[in-house]
file coords_5.pdb (PDB, C-alpha atoms)
ATOM      1  CA  MET A   1     -40.967 -27.295 -53.971  1.00  0.00           C
ATOM      2  CA  ASP A   2     -41.089 -30.664 -52.270  1.00  0.00           C
ATOM      3  CA  LYS A   3     -38.435 -33.386 -52.483  1.00  0.00           C
ATOM      4  CA  ARG A   4     -40.212 -35.258 -55.284  1.00  0.00           C
ATOM      5  CA  GLN A   5     -40.195 -32.200 -57.556  1.00  0.00           C
ATOM      6  CA  ALA A   6     -36.535 -31.473 -56.792  1.00  0.00           C
ATOM      7  CA  ILE A   7     -35.494 -35.044 -57.551  1.00  0.00           C
ATOM      8  CA  GLY A   8     -37.712 -35.157 -60.637  1.00  0.00           C
ATOM      9  CA  SER A   9     -36.165 -31.991 -62.058  1.00  0.00           C
ATOM     10  CA  TRP A  10     -32.685 -33.349 -61.410  1.00  0.00           C
ATOM     11  CA  LEU A  11     -33.459 -36.667 -63.119  1.00  0.00           C
ATOM     12  CA  SER A  12     -35.107 -35.141 -66.188  1.00  0.00           C
ATOM     13  CA  GLY A  13     -32.328 -32.620 -66.750  1.00  0.00           C
ATOM     14  CA  PRO A  14     -31.909 -28.865 -66.959  1.00  0.00           C
ATOM     15  CA  ARG A  15     -34.091 -28.455 -70.059  1.00  0.00           C
ATOM     16  CA  ALA A  16     -37.120 -30.017 -68.375  1.00  0.00           C
ATOM     17  CA  ALA A  17     -36.523 -27.919 -65.259  1.00  0.00           C
ATOM     18  CA  ALA A  18     -36.308 -24.751 -67.377  1.00  0.00           C
ATOM     19  CA  GLU A  19     -39.489 -25.686 -69.265  1.00  0.00           C
ATOM     20  CA  ASP A  20     -41.271 -26.227 -65.952  1.00  0.00           C
ATOM     21  CA  ALA A  21     -40.147 -22.746 -64.951  1.00  0.00           C
ATOM     22  CA  GLY A  22     -41.796 -21.296 -68.069  1.00  0.00           C
ATOM     23  CA  VAL A  23     -38.923 -21.058 -70.587  1.00  0.00           C
ATOM     24  CA  ASP A  24     -40.049 -21.744 -74.179  1.00  0.00           C
ATOM     25  CA  PHE A  25     -37.380 -23.481 -76.284  1.00  0.00           C
ATOM     26  CA  GLY A  26     -39.587 -23.945 -79.324  1.00  0.00           C
ATOM     27  CA  TYR A  27     -39.362 -27.013 -81.532  1.00  0.00           C
ATOM     28  CA  ARG A  28     -36.344 -28.577 -83.197  1.00  0.00           C
ATOM     29  CA  GLY A  29     -35.422 -26.668 -86.327  1.00  0.00           C
ATOM     30  CA  GLU A  30     -37.381 -23.527 -85.494  1.00  0.00           C
ATOM     31  CA  GLN A  31     -34.216 -21.398 -85.393  1.00  0.00           C
ATOM     32  CA  LEU A  32     -33.262 -22.767 -88.820  1.00  0.00           C
ATOM     33  CA  GLY A  33     -36.619 -21.882 -90.349  1.00  0.00           C
ATOM     34  CA  LEU A  34     -37.680 -25.509 -90.814  1.00  0.00           C
ATOM     35  CA  PRO A  35     -41.195 -26.870 -90.223  1.00  0.00           C
ATOM     36  CA  GLU A  36     -42.014 -28.714 -87.020  1.00  0.00           C
ATOM     37  CA  GLN A  37     -43.304 -31.885 -88.721  1.00  0.00           C
ATOM     38  CA  GLY A  38     -43.504 -33.472 -92.132  1.00  0.00           C
ATOM     39  CA  PRO A  39     -41.219 -33.044 -95.150  1.00  0.00           C
ATOM     40  CA  GLY A  40     -38.348 -30.638 -94.523  1.00  0.00           C
ATOM     41  CA  SER A  41     -38.416 -31.041 -90.745  1.00  0.00           C
ATOM     42  CA  ILE A  42     -35.377 -32.075 -88.716  1.00  0.00           C
ATOM     43  CA  ALA A  43     -34.716 -35.829 -88.873  1.00  0.00           C
ATOM     44  CA  ARG A  44     -35.273 -37.667 -85.610  1.00  0.00           C
ATOM     45  CA  PRO A  45     -32.451 -39.662 -83.995  1.00  0.00           C
ATOM     46  CA  GLY A  46     -34.079 -43.067 -84.573  1.00  0.00           C
ATOM     47  CA  ARG A  47     -34.225 -42.613 -88.329  1.00  0.00           C
ATOM     48  CA  ARG A  48     -30.715 -41.234 -88.400  1.00  0.00           C
ATOM     49  CA  LEU A  49     -29.323 -44.200 -86.479  1.00  0.00           C
ATOM     50  CA  GLY A  50     -31.248 -46.626 -88.674  1.00  0.00           C
ATOM     51  CA  ALA A  51     -29.838 -45.034 -91.834  1.00  0.00           C
ATOM     52  CA  LEU A  52     -26.346 -45.116 -90.333  1.00  0.00           C
ATOM     53  CA  ALA A  53     -26.714 -48.816 -89.497  1.00  0.00           C
ATOM     54  CA  VAL A  54     -27.858 -49.635 -93.051  1.00  0.00           C
ATOM     55  CA  ASP A  55     -24.960 -47.691 -94.577  1.00  0.00           C
ATOM     56  CA  TRP A  56     -22.416 -49.296 -92.239  1.00  0.00           C
ATOM     57  CA  GLY A  57     -23.801 -52.775 -92.902  1.00  0.00           C
ATOM     58  CA  LEU A  58     -23.633 -52.201 -96.644  1.00  0.00           C
ATOM     59  CA  CYS A  59     -20.021 -50.999 -96.412  1.00  0.00           C
ATOM     60  CA  LEU A  60     -19.085 -53.920 -94.172  1.00  0.00           C
ATOM     61  CA  LEU A  61     -20.671 -56.340 -96.619  1.00  0.00           C
ATOM     62  CA  ILE A  62     -18.730 -54.818 -99.524  1.00  0.00           C
ATOM     63  CA  ALA A  63     -15.456 -54.957 -97.592  1.00  0.00           C
ATOM     64  CA  TYR A  64     -16.069 -58.533 -96.447  1.00  0.00           C
ATOM     65  CA  GLY A  65     -17.218 -59.862 -99.805  1.00  0.00           C
ATOM     66  CA  LEU A  66     -15.010 -58.021-102.252  1.00  0.00           C
ATOM     67  CA  ILE A  67     -11.793 -57.015-100.501  1.00  0.00           C
ATOM     68  CA  THR A  68     -10.904 -59.270 -97.569  1.00  0.00           C
ATOM     69  CA  ASP A  69     -11.205 -63.039 -97.210  1.00  0.00           C
ATOM     70  CA  GLY A  70     -12.503 -63.161 -93.665  1.00  0.00           C
ATOM     71  CA  TYR A  71     -13.681 -60.847 -90.961  1.00  0.00           C
ATOM     72  CA  ASP A  72     -10.774 -59.238 -89.126  1.00  0.00           C
ATOM     73  CA  GLN A  73      -9.432 -55.765 -88.351  1.00  0.00           C
ATOM     74  CA  ALA A  74      -8.621 -55.155 -92.015  1.00  0.00           C
ATOM     75  CA  THR A  75     -12.295 -55.678 -92.898  1.00  0.00           C
ATOM     76  CA  SER A  76     -13.346 -52.961 -90.461  1.00  0.00           C
ATOM     77  CA  ASN A  77     -10.686 -50.591 -91.765  1.00  0.00           C
ATOM     78  CA  TRP A  78     -11.767 -51.168 -95.368  1.00  0.00           C
ATOM     79  CA  ALA A  79     -15.406 -50.750 -94.353  1.00  0.00           C
ATOM     80  CA  LEU A  80     -14.596 -47.360 -92.797  1.00  0.00           C
ATOM     81  CA  LEU A  81     -12.830 -46.240 -95.971  1.00  0.00           C
ATOM     82  CA  ILE A  82     -15.759 -47.415 -98.118  1.00  0.00           C
ATOM     83  CA  PHE A  83     -18.147 -45.659 -95.699  1.00  0.00           C
ATOM     84  CA  LEU A  84     -16.210 -42.412 -96.119  1.00  0.00           C
ATOM     85  CA  LEU A  85     -16.196 -42.709 -99.914  1.00  0.00           C
ATOM     86  CA  LEU A  86     -19.882 -43.624-100.002  1.00  0.00           C
ATOM     87  CA  HIS A  87     -20.826 -40.570 -97.967  1.00  0.00           C
ATOM     88  CA  VAL A  88     -18.589 -38.149 -99.863  1.00  0.00           C
ATOM     89  CA  LEU A  89     -19.757 -39.335-103.286  1.00  0.00           C
ATOM     90  CA  THR A  90     -23.467 -39.657-102.575  1.00  0.00           C
ATOM     91  CA  LEU A  91     -23.955 -36.631-100.318  1.00  0.00           C
ATOM     92  CA  GLY A  92     -21.967 -34.420-102.681  1.00  0.00           C
ATOM     93  CA  THR A  93     -24.078 -35.450-105.678  1.00  0.00           C
ATOM     94  CA  VAL A  94     -27.626 -36.505-104.744  1.00  0.00           C
ATOM     95  CA  GLY A  95     -27.782 -35.469-101.067  1.00  0.00           C
ATOM     96  CA  PHE A  96     -28.451 -38.864 -99.511  1.00  0.00           C
ATOM     97  CA  THR A  97     -26.859 -42.269 -99.010  1.00  0.00           C
ATOM     98  CA  PRO A  98     -28.687 -45.567 -99.622  1.00  0.00           C
ATOM     99  CA  GLY A  99     -29.542 -45.815 -95.914  1.00  0.00           C
ATOM    100  CA  LYS A 100     -30.794 -42.242 -95.739  1.00  0.00           C
ATOM    101  CA  ARG A 101     -32.950 -42.788 -98.826  1.00  0.00           C
ATOM    102  CA  LEU A 102     -34.380 -45.974 -97.328  1.00  0.00           C
ATOM    103  CA  PHE A 103     -35.358 -44.075 -94.162  1.00  0.00           C
ATOM    104  CA  GLY A 104     -36.626 -41.012 -96.040  1.00  0.00           C
ATOM    105  CA  LEU A 105     -33.834 -38.592 -95.093  1.00  0.00           C
ATOM    106  CA  ARG A 106     -31.776 -36.061 -96.997  1.00  0.00           C
ATOM    107  CA  VAL A 107     -28.830 -33.807 -96.133  1.00  0.00           C
ATOM    108  CA  ILE A 108     -29.160 -30.174 -97.192  1.00  0.00           C
ATOM    109  CA  ALA A 109     -26.984 -27.095 -96.775  1.00  0.00           C
ATOM    110  CA  GLN A 110     -28.358 -24.372 -94.513  1.00  0.00           C
ATOM    111  CA  GLU A 111     -28.064 -21.537 -97.005  1.00  0.00           C
ATOM    112  CA  THR A 112     -28.454 -23.064-100.466  1.00  0.00           C
ATOM    113  CA  GLY A 113     -30.263 -26.348 -99.895  1.00  0.00           C
ATOM    114  CA  THR A 114     -27.773 -28.415-101.900  1.00  0.00           C
ATOM    115  CA  VAL A 115     -24.610 -29.877-100.417  1.00  0.00           C
ATOM    116  CA  ASN A 116     -21.482 -29.038-102.376  1.00  0.00           C
ATOM    117  CA  PRO A 117     -18.651 -31.608-102.472  1.00  0.00           C
ATOM    118  CA  TRP A 118     -16.470 -29.742 -99.939  1.00  0.00           C
ATOM    119  CA  ARG A 119     -19.215 -29.708 -97.340  1.00  0.00           C
ATOM    120  CA  ALA A 120     -19.786 -33.404 -98.003  1.00  0.00           C
ATOM    121  CA  VAL A 121     -16.083 -34.087 -97.394  1.00  0.00           C
ATOM    122  CA  VAL A 122     -16.040 -32.110 -94.117  1.00  0.00           C
ATOM    123  CA  ARG A 123     -19.244 -33.729 -92.873  1.00  0.00           C
ATOM    124  CA  SER A 124     -18.142 -37.242 -93.840  1.00  0.00           C
ATOM    125  CA  VAL A 125     -14.668 -37.009 -92.296  1.00  0.00           C
ATOM    126  CA  LEU A 126     -16.112 -35.697 -89.043  1.00  0.00           C
ATOM    127  CA  LEU A 127     -18.777 -38.415 -89.075  1.00  0.00           C
ATOM    128  CA  CYS A 128     -16.064 -41.073 -89.441  1.00  0.00           C
ATOM    129  CA  LEU A 129     -14.358 -39.662 -86.342  1.00  0.00           C
ATOM    130  CA  ALA A 130     -17.640 -40.486 -84.481  1.00  0.00           C
ATOM    131  CA  LEU A 131     -17.154 -38.033 -81.589  1.00  0.00           C
ATOM    132  CA  PRO A 132     -18.575 -34.975 -83.428  1.00  0.00           C
ATOM    133  CA  ALA A 133     -21.695 -36.995 -84.272  1.00  0.00           C
ATOM    134  CA  LEU A 134     -22.287 -37.668 -80.568  1.00  0.00           C
ATOM    135  CA  VAL A 135     -22.327 -33.972 -79.591  1.00  0.00           C
ATOM    136  CA  TRP A 136     -25.727 -32.460 -80.442  1.00  0.00           C
ATOM    137  CA  ASP A 137     -27.194 -28.994 -80.245  1.00  0.00           C
ATOM    138  CA  ARG A 138     -30.758 -28.137 -79.225  1.00  0.00           C
ATOM    139  CA  ASP A 139     -31.981 -28.653 -82.792  1.00  0.00           C
ATOM    140  CA  GLY A 140     -30.699 -32.241 -82.799  1.00  0.00           C
ATOM    141  CA  ARG A 141     -27.842 -31.555 -85.208  1.00  0.00           C
ATOM    142  CA  GLY A 142     -24.491 -33.172 -84.557  1.00  0.00           C
ATOM    143  CA  LEU A 143     -21.281 -31.198 -84.403  1.00  0.00           C
ATOM    144  CA  HIS A 144     -20.363 -32.618 -87.826  1.00  0.00           C
ATOM    145  CA  ASP A 145     -23.516 -31.001 -89.262  1.00  0.00           C
ATOM    146  CA  ARG A 146     -22.872 -27.682 -87.541  1.00  0.00           C
ATOM    147  CA  LEU A 147     -19.289 -27.438 -88.774  1.00  0.00           C
ATOM    148  CA  ALA A 148     -20.276 -28.374 -92.330  1.00  0.00           C
ATOM    149  CA  ARG A 149     -23.355 -26.067 -92.072  1.00  0.00           C
ATOM    150  CA  THR A 150     -25.698 -28.869 -93.104  1.00  0.00           C
ATOM    151  CA  VAL A 151     -29.005 -30.189 -91.798  1.00  0.00           C
ATOM    152  CA  GLU A 152     -30.426 -33.697 -92.053  1.00  0.00           C
ATOM    153  CA  VAL A 153     -34.131 -33.423 -92.883  1.00  0.00           C
ATOM    154  CA  ARG A 154     -37.031 -35.691 -93.733  1.00  0.00           C
ATOM    155  CA  ILE A 155     -37.984 -36.066 -97.401  1.00  0.00           C
TER     156      ILE A 155
END
call {"tool": "encode", "arguments": {"input": "coords_5.pdb", "output": "structure tokens"}}
result
Amino acid sequence: MDKRQAIGSWLSGPRAAAEDAGVDFGYRGEQLGLPEQGPGSIARPGRRLGALAVDWGLCLLIAYGLITDGYDQATSNWALLIFLLLHVLTLGTVGFTPGKRLFGLRVIAQETGTVNPWRAVVRSVLLCLALPALVWDRDGRGLHDRLARTVEVRI
């Protein structure tokens, strides 16, 4: 191995180095029994972030327009509370928020396919803490999804 290969493997990370060595990780969602592409496959990070931005913007707009007079810390706090309520109510009933529906995503439970209200509460509270959503597994699921035993898939 020359210096360029050693530096390249270090820059691209341990997964790329293991794949170069012949390790097969499979595709995202393979361990969960989900298809590789199309409806029912694991949602990609870009769509997930887009849906999150739409939901947050909607909650911020509601807090700014209906609850507070101007934009200050109270507006952000109200927006977070509205965000939590929006996620708990919509995920526990229809399985998606307005942002997720706009981006063609849905949250399902691993075993049953439908998210019960308790799983929606666990997932939503952990999502509002933000840190669990930043820790991902090899399937692209955040820690909030793993603990609630849910998966965000494409419709």
call {"tool": "resolve_selection", "arguments": {"input": "coords_5.pdb", "expression": "the PyMOL selection byres ((chain A and resi 92) around 8)", "output": "list of chain:residue names"}}
result
A:His87, A:Val88, A:Leu89, A:Thr90, A:Leu91, A:Thr93, A:Val94, A:Gly95, A:Val115, A:Asn116, A:Pro117, A:Trp118, A:Arg119, A:Ala120, A:Val121
call {"tool": "resolve_selection", "arguments": {"input": "coords_5.pdb", "expression": "the PyMOL selection byres ((chain A and resi 56) around 10)", "output": "list in words"}}
result
Gly50, Ala51, Leu52, Ala53, Val54, Asp55, Gly57, Leu58, Cys59, Leu60, Leu61, Ile62, Ser76, Ala79, Leu80, Ile82, Phe83, Leu86 and Gly99 of chain A
call {"tool": "residues_around", "arguments": {"input": "coords_5.pdb", "residues": "Gly40 (chain A)", "least_positions_apart": "5", "cutoff": "12 Å", "atoms": "all atoms listed in the file", "output": "JSON, numbers by chain"}}
result
{"A": [28, 29, 30, 32, 33, 34, 35, 104, 105, 106, 107, 108, 110, 113, 151, 152, 153, 154, 155]}
call {"tool": "resolve_selection", "arguments": {"input": "coords_5.pdb", "expression": "the PyMOL selection byres ((chain A and resi 148) around 8)", "output": "ChimeraX atom specification"}}
result
/A:119-120,122-123,144-147,149-150
call {"tool": "atom_distance", "arguments": {"input": "coords_5.pdb", "atom1": "CA of Trp78 (chain A)", "atom2": "CA of Leu66 (chain A)"}}
result
10.2 Å
call {"tool": "atom_distance", "arguments": {"input": "coords_5.pdb", "atom1": "CA of Phe96 (chain A)", "atom2": "CA of Val135 (chain A)"}}
result
21.4 Å
call {"tool": "atom_distance", "arguments": {"input": "coords_5.pdb", "atom1": "CA of Ala74 (chain A)", "atom2": "CA of Leu129 (chain A)"}}
result
17.5 Å
call {"tool": "axis_aligned_box", "arguments": {"input": "coords_5.pdb", "around": "region 76-79 of chain A", "padding_each_side": "8 Å", "output": "AutoDock Vina command-line options"}}
result
--center_x -13.0 --center_y -51.8 --center_z -92.9 --size_x 20.7 --size_y 18.4 --size_z 20.9
call {"tool": "closest_residue", "arguments": {"input": "coords_5.pdb", "among": "A:Arg48, A:Leu81, A:Tyr71, A:Leu134", "to": "Leu102 (chain A)", "atoms": "all atoms listed in the file"}}
result
A:Arg48
